[in-house]
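Dropping query22.txt in here (compact mmCIF, C-alpha atoms):
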```
# COMPACT_ATOMS: atom_id res chain seq x y z
CA MET Y 1 90.03 104.53 113.63
CA ASN Y 2 89.45 104.64 117.38
CA LYS Y 3 92.09 106.49 119.35
CA MET Y 4 92.74 106.36 123.08
CA LEU Y 5 93.22 109.65 124.92
CA PHE Y 6 95.71 109.61 127.79
CA SER Y 7 95.70 112.03 130.73
CA GLU Y 8 97.60 112.30 134.00
CA GLY Y 9 95.87 111.58 137.28
CA GLY Y 10 95.67 107.81 137.51
CA GLN Y 11 93.66 106.96 134.40
CA PRO Y 12 91.70 103.69 134.87
CA LEU Y 13 92.30 100.85 132.40
CA TYR Y 14 89.44 98.79 130.97
CA ILE Y 15 89.25 95.66 128.82
CA ASP Y 16 87.87 97.78 125.95
CA ASP Y 17 91.11 99.82 126.01
CA LEU Y 18 93.20 96.69 125.40
CA LYS Y 19 90.77 95.62 122.67
CA THR Y 20 91.23 98.98 120.94
CA LEU Y 21 95.02 98.68 121.07
CA GLN Y 22 94.86 95.18 119.60
CA GLU Y 23 92.31 95.83 116.87
CA ASN Y 24 93.53 99.18 115.50
CA PRO Y 25 96.71 97.94 113.70
CA ALA Y 26 94.91 94.77 112.55
CA ASN Y 27 92.04 96.76 111.02
CA GLN Y 28 94.43 99.16 109.25
CA MET Y 29 96.49 96.28 107.81
CA SER Y 30 93.29 94.53 106.72
CA ALA Y 31 92.09 97.63 104.86
CA LEU Y 32 95.47 98.01 103.12
CA LEU Y 33 95.56 94.35 102.02
CA GLN Y 34 92.00 94.55 100.68
CA VAL Y 35 92.94 97.56 98.55
CA LEU Y 36 96.18 95.99 97.28
CA GLY Y 37 94.39 92.70 96.64
CA ALA Y 38 91.59 94.37 94.65
CA ASN Y 39 89.08 93.15 97.27
CA THR Y 40 90.06 89.52 96.63
CA SER Y 41 89.17 87.57 99.76
CA ALA Y 42 91.99 84.99 99.53
CA PHE Y 43 95.43 85.17 97.88
CA LEU Y 44 99.10 84.35 98.46
CA LEU Y 45 101.82 86.89 99.18
CA GLU Y 46 104.33 84.98 97.04
CA ARG Y 47 104.32 82.40 94.26
CA PHE Y 48 103.84 78.92 95.70
CA GLN Y 49 107.04 76.85 95.49
CA GLY Y 50 108.07 73.33 96.40
CA GLU Y 51 111.12 71.08 96.22
CA LEU Y 52 111.04 67.42 95.20
CA LYS Y 53 112.54 65.22 97.93
CA LYS Y 54 111.82 61.59 97.05
CA LEU Y 55 110.12 59.38 94.46
CA ASN Y 56 108.97 55.96 95.66
CA GLU Y 57 108.14 53.74 92.71
CA GLY Y 58 107.07 50.89 94.99
CA ASP Y 59 104.07 52.59 96.56
CA LYS Y 60 103.89 55.24 93.80
CA THR Y 61 104.26 58.23 96.10
CA THR Y 62 106.11 61.52 95.75
CA THR Y 63 107.54 63.38 98.74
CA PHE Y 64 108.11 67.12 98.39
CA GLN Y 65 108.72 70.08 100.68
CA THR Y 66 106.99 73.40 100.22
CA LYS Y 67 108.65 76.77 100.84
CA LYS Y 68 107.39 79.16 103.50
CA ASN Y 69 104.64 81.43 102.24
CA TRP Y 70 101.74 83.50 103.53
CA LEU Y 71 98.00 83.24 102.95
CA VAL Y 72 95.94 86.43 103.06
CA LEU Y 73 92.35 85.62 104.00
CA ASP Y 74 89.79 88.39 104.54
CA GLY Y 75 92.54 90.93 105.15
CA ILE Y 76 94.48 88.84 107.71
CA ILE Y 77 97.92 87.32 107.02
CA TYR Y 78 98.52 83.69 108.05
CA GLU Y 79 101.94 82.07 107.81
CA ILE Y 80 102.25 78.87 105.77
CA LYS Y 81 105.24 77.10 107.29
CA GLU Y 82 107.59 74.83 105.34
CA THR Y 83 105.71 71.55 105.01
CA THR Y 84 106.74 68.06 103.90
CA LEU Y 85 103.93 66.29 102.03
CA VAL Y 86 103.49 62.88 100.43
CA ALA Y 87 101.42 62.84 97.24
CA HIS Y 88 99.78 59.58 96.15
CA SER Y 89 98.68 60.92 92.76
CA TRP Y 90 99.90 63.69 90.43
CA ASN Y 91 96.27 64.69 89.94
CA ASP Y 92 95.49 65.35 93.62
CA PRO Y 93 94.98 69.11 94.18
CA LEU Y 94 96.77 70.74 97.11
CA TYR Y 95 94.65 72.86 99.43
CA VAL Y 96 95.43 75.52 102.03
CA GLY Y 97 93.25 76.44 104.98
CA VAL Y 98 93.42 78.13 108.38
CA ARG Y 99 93.44 76.26 111.69
CA LYS Y 100 92.71 78.02 114.99
CA SER Y 101 93.36 76.85 118.54
CA THR Y 102 93.12 78.32 122.03
CA SER Y 103 95.51 78.02 124.98
CA ASP Y 104 96.69 79.74 128.17
CA VAL Y 105 93.67 78.77 130.30
CA ARG Y 106 93.30 80.97 133.40
CA THR Y 107 90.93 81.04 136.35
CA PHE Y 108 88.88 84.25 136.42
CA GLU Y 109 87.56 86.08 139.48
CA ASP Y 110 84.14 84.50 138.91
CA GLY Y 111 85.72 81.07 139.33
CA GLN Y 112 85.40 80.09 135.66
CA GLU Y 113 88.35 78.88 133.57
CA ARG Y 114 88.74 80.51 130.15
CA ALA Y 115 91.38 80.45 127.41
CA CYS Y 116 93.24 83.75 127.06
CA ARG Y 117 95.19 83.17 123.87
CA GLU Y 118 94.15 82.22 120.32
CA THR Y 119 96.62 80.94 117.73
CA ALA Y 120 95.82 80.83 114.01
CA GLU Y 121 98.04 79.40 111.27
CA ALA Y 122 97.64 78.19 107.72
CA PHE Y 123 98.06 74.51 106.85
CA LEU Y 124 98.40 72.45 103.68
CA THR Y 125 96.39 69.33 102.91
CA PHE Y 126 95.28 67.06 100.08
CA GLU Y 127 91.84 66.70 101.67
CA LYS Y 128 89.11 69.01 100.42
CA THR Y 129 87.12 70.20 103.41
CA GLU Y 130 85.03 73.26 104.17
CA GLY Y 131 86.98 76.51 104.19
CA VAL Y 132 90.08 75.36 102.28
CA PHE Y 133 91.34 76.80 98.97
CA ASN Y 134 92.94 75.12 95.96
CA VAL Y 135 96.53 76.41 95.94
CA SER Y 136 96.76 76.35 92.14
CA GLU Y 137 93.73 78.65 91.89
CA LEU Y 138 95.02 81.30 94.29
CA LYS Y 139 96.62 84.42 92.82
CA THR Y 140 99.64 86.16 94.30
CA LEU Y 141 99.75 89.76 95.47
CA PHE Y 142 101.85 90.55 92.39
CA ASP Y 143 99.24 88.96 90.11
CA LEU Y 144 96.59 91.23 91.61
CA ILE Y 145 98.61 94.45 91.54
CA ALA Y 146 100.32 94.18 88.14
CA PRO Y 147 97.17 94.25 85.94
CA SER Y 148 96.21 97.62 87.42
CA ILE Y 149 99.57 98.92 86.19
CA VAL Y 150 99.36 97.31 82.76
CA ILE Y 151 95.77 98.39 82.06
CA LYS Y 152 96.76 102.04 82.20
CA LEU Y 153 98.99 101.63 79.13
CA SER Y 154 97.54 101.93 75.64
CA GLU Y 155 97.85 98.73 73.60
CA THR Y 156 99.14 100.78 70.67
CA GLU Y 157 102.21 101.71 72.73
CA TYR Y 158 103.52 98.16 72.69
CA LYS Y 159 106.07 97.09 70.09
CA ASP Y 160 106.72 93.61 68.74
CA MET Y 161 109.93 91.96 69.92
CA PRO Y 162 111.98 90.03 67.33
CA TRP Y 163 112.51 87.02 69.58
CA VAL Y 164 112.56 83.55 68.03
CA LEU Y 165 109.73 81.26 69.15
CA ARG Y 166 110.54 77.58 69.75
CA ASN Y 167 108.69 74.26 70.15
CA GLY Y 168 106.02 75.22 67.62
CA TYR Y 169 104.86 78.33 69.45
CA SER Y 170 103.23 81.18 67.53
CA GLY Y 171 101.70 84.45 68.64
CA GLN Y 172 103.02 87.75 69.97
CA ILE Y 173 105.77 88.92 72.28
CA GLN Y 174 105.60 92.68 72.79
CA SER Y 175 107.28 95.23 75.03
CA LYS Y 176 106.71 98.71 76.36
CA VAL Y 177 109.55 100.76 77.86
CA ARG Y 178 108.71 103.11 80.70
CA SER Y 179 110.95 105.46 82.64
CA ASP Y 180 111.70 103.03 85.46
CA TYR Y 181 110.60 99.62 84.15
CA THR Y 182 109.85 97.59 81.01
CA ILE Y 183 106.74 95.48 80.48
CA ILE Y 184 106.95 92.41 78.25
CA LYS Y 185 103.74 90.64 77.24
CA VAL Y 186 103.78 87.02 76.03
CA ASP Y 187 100.68 85.62 74.29
CA VAL Y 188 101.62 82.42 72.44
CA GLN Y 189 100.40 78.87 71.87
CA SER Y 190 101.62 75.66 70.24
CA GLU Y 191 100.14 72.55 68.63
CA LYS Y 192 103.18 70.31 69.19
CA SER Y 193 102.91 67.20 71.35
CA GLU Y 194 106.61 67.06 72.32
CA TRP Y 195 109.36 69.43 73.49
CA THR Y 196 111.73 69.03 70.52
CA ASP Y 197 113.63 72.32 71.02
CA GLY Y 198 114.44 71.77 74.68
CA PRO Y 199 112.07 71.07 77.60
CA GLY Y 200 109.98 74.10 78.44
CA VAL Y 201 111.71 76.46 75.96
CA ILE Y 202 109.24 79.07 74.70
CA PHE Y 203 111.54 81.57 72.98
CA GLU Y 204 115.16 82.56 72.44
CA TYR Y 205 116.65 86.02 72.12
CA PRO Y 206 120.12 87.37 71.30
CA THR Y 207 122.10 88.56 74.29
CA THR Y 208 125.63 89.81 74.89
CA ARG Y 209 124.99 90.89 78.46
CA VAL Y 210 126.95 89.57 81.40
CA PRO Y 211 125.12 86.98 83.52
CA VAL Y 212 122.24 88.51 85.51
CA PRO Y 213 119.75 87.03 87.99
CA PRO Y 214 116.80 85.29 86.30
CA ILE Y 215 113.62 87.26 85.62
CA VAL Y 216 110.27 85.51 86.06
CA SER Y 217 106.79 86.18 84.74
CA GLY Y 218 103.47 86.04 86.52
CA ALA Y 219 102.26 82.55 87.45
CA ILE Y 220 99.93 80.60 85.13
CA VAL Y 221 98.25 77.17 85.17
CA VAL Y 222 99.08 74.73 82.36
CA GLY Y 223 98.22 71.13 81.50
CA VAL Y 224 95.11 68.99 81.69
CA SER Y 225 94.32 66.02 83.91
CA SER Y 226 94.43 63.58 80.98
CA ASP Y 227 97.95 64.61 79.98
CA ASN Y 228 100.99 62.53 80.93
CA GLY Y 229 102.36 65.53 82.80
CA GLN Y 230 100.16 67.26 85.33
CA GLU Y 231 98.06 70.35 85.70
CA GLN Y 232 100.41 72.66 87.56
CA VAL Y 233 101.37 76.25 88.28
CA VAL Y 234 104.37 77.49 86.28
CA HIS Y 235 106.07 80.71 85.26
CA ILE Y 236 108.48 81.70 82.48
CA GLN Y 237 112.07 82.19 83.57
CA VAL Y 238 114.16 84.45 81.33
CA LEU Y 239 117.88 83.70 81.60
CA SER Y 240 120.93 83.41 79.33
CA GLY Y 241 119.08 84.14 76.11
CA LYS Y 242 116.13 81.81 76.67
CA GLY Y 243 112.61 81.96 78.05
CA LYS Y 244 111.69 78.62 79.66
CA LEU Y 245 108.72 77.28 81.58
CA VAL Y 246 109.62 76.41 85.16
CA GLY Y 247 107.27 74.69 87.59
CA SER Y 248 107.51 73.35 91.12
CA LEU Y 249 107.27 69.77 89.80
CA GLY Y 250 110.31 70.01 87.54
CA THR Y 251 110.91 70.09 83.79
CA SER Y 252 110.25 66.37 83.32
CA SER Y 253 106.67 66.81 84.56
CA LEU Y 254 105.73 69.60 82.14
CA PRO Y 255 102.68 68.88 79.95
CA SER Y 256 103.13 68.96 76.17
CA PRO Y 257 103.54 72.35 74.43
CA ALA Y 258 99.99 72.00 73.07
CA ASN Y 259 98.74 71.94 76.66
CA CYS Y 260 100.84 74.92 77.70
CA PRO Y 261 99.27 78.04 76.12
CA ILE Y 262 100.98 81.14 77.52
CA ASN Y 263 99.31 84.46 78.29
CA THR Y 264 101.36 86.35 80.86
CA TYR Y 265 103.74 89.26 81.31
CA PHE Y 266 106.97 90.44 82.92
CA ILE Y 267 107.67 93.69 84.71
CA ILE Y 268 111.43 94.30 84.58
CA PRO Y 269 112.78 97.11 86.79
CA LYS Y 270 115.62 99.23 85.45
```

Would you mind giving the structure from this file in C-alpha cells?
Amino acid sequence: MNKMLFSEGGQPLYIDDLKTLQENPANQMSALLQVLGANTSAFLLERFQGELKKLNEGDKTTTFQTKKNWLVLDGIIYEIKETTLVAHSWNDPLYVGVRKSTSDVRTFEDGQERACRETAEAFLTFEKTEGVFNVSELKTLFDLIAPSIVIKLSETEYKDMPWVLRNGYSGQIQSKVRSDYTIIKVDVQSEKSEWTDGPGVIFEYPTTRVPVPPIVSGAIVVGVSSDNGQEQVVHIQVLSGKGKLVGSLGTSSLPSPANCPINTYFIIPK
C-alpha cells in the first residue's frame, strides 16, 4: 500500500497524490474480494432473484422484474439495479455485463477538452455479447465461502437425519452440529416425472417449533432445455416442516423431479 506523508509548510499537491488517495481503498477492497471469492473473477454478492409481473399469451412474452444485486468482477463491485425485462422464450439465458461511460467534460489549460468522470454499472440483457456472463452460471459469495467451511469437517462426523423424502426422492440428508451453527447436507435424486406429493416438495420433517423465518440452501441449477419447465436457478426453502424447491420463475415452472437432482447444503446459525 502506498501512503502519503503530510508535513506543515505548504505541501504541494500533485495529480499522483489524488490518484493514490483514489486507488488505495479500491485496491484493498479488490484484494479482500479476491480472497473471499477464492480468486473467482466474476460472482454475485447475493442470490439472483426476480418477480413475475405479466404473462402475455398473445405474443408469448413474459415480463419480470429483477431485484437489486451486485456483480463482483475482477475485484470491483458493480451495482445491478432493479430491471424490468421481457422474455420471448423460457430458454433464453439472461446475461450480466458492465457498461462504462464518461462525462463532466472540462477544458484544460492546454486548450483540450477531456472527460473528468467515469461511471460504470452492471446491466442485464438477453443478448450474448463479448464480456457478459450467464447469470445462471455465476456463483454467489456465499457459494464460494461455504465450501471452505464444510471441507474442514470430517465426513464421518455427519449423522443421517430421519426426514421423510417425498416425490420419489432417494439419497442422504445428513447433519453436523457445531458450537455456533449446524450444517445440513442434502444429496438426493428422483426418477418421477410428476410432482405427486406437492410441487417442489423434497422432504418433510416433524416440527413442534413456533413459526420461524424460512431457511434457504445454496443455489443450484435444475432442469434441461427439452423439459416442459425450464433450466433455472433454485434453492431449497425449509419452512413449517417441509423442504421445498423455490425458484425465481415460480413453482408452476419447476422441471420434473427427475430433472431436479439435489446436491446442496444449509448452514443454520444458532

_Nearest residue to Thr83 in chain Y from the set Y:Ala122, Y:Cys116, Y:Ala38, Y:Leu141 (distances using all atoms listed in the file)_ = Y:Ala122

*CA of Gln232 in chain Y and CA of Phe266 in chain Y, how far apart in Å?*
19.5 Å

Fewer than 5 positions away in the same chain doesn't count, so skip those; otherwise give me all residues within 8 Å of Gln65 in chain Y, counting only C-alpha atoms, as a PDB file with C-alpha atoms, in the frame of the given file.
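What ended up in result38.pdb:
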```pdb
ATOM      1  CA  GLY Y  50     108.070  73.330  96.400  1.00  0.00           C
ATOM      2  CA  GLU Y  51     111.120  71.080  96.220  1.00  0.00           C
ATOM      3  CA  LEU Y  52     111.040  67.420  95.200  1.00  0.00           C
ATOM      4  CA  LYS Y  53     112.540  65.220  97.930  1.00  0.00           C
ATOM      5  CA  GLU Y  82     107.590  74.830 105.340  1.00  0.00           C
ATOM      6  CA  THR Y  83     105.710  71.550 105.010  1.00  0.00           C
ATOM      7  CA  THR Y  84     106.740  68.060 103.900  1.00  0.00           C
ATOM      8  CA  LEU Y  85     103.930  66.290 102.030  1.00  0.00           C
TER       9      LEU Y  85
END
```

*Which one is closest to Val132 in chain Y: Y:Val98, Y:Leu33, Y:Ile236, Y:Leu71? Count only C-alpha atoms.*
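So, comparing all the options, the nearest one is Y:Val98.
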
*Which residue, Y:Trp70, Y:Leu249, Y:Glu130, Y:Phe203, has the smallest gap to Glu231 in chain Y when you use all atoms listed in the file?*
Y:Leu249
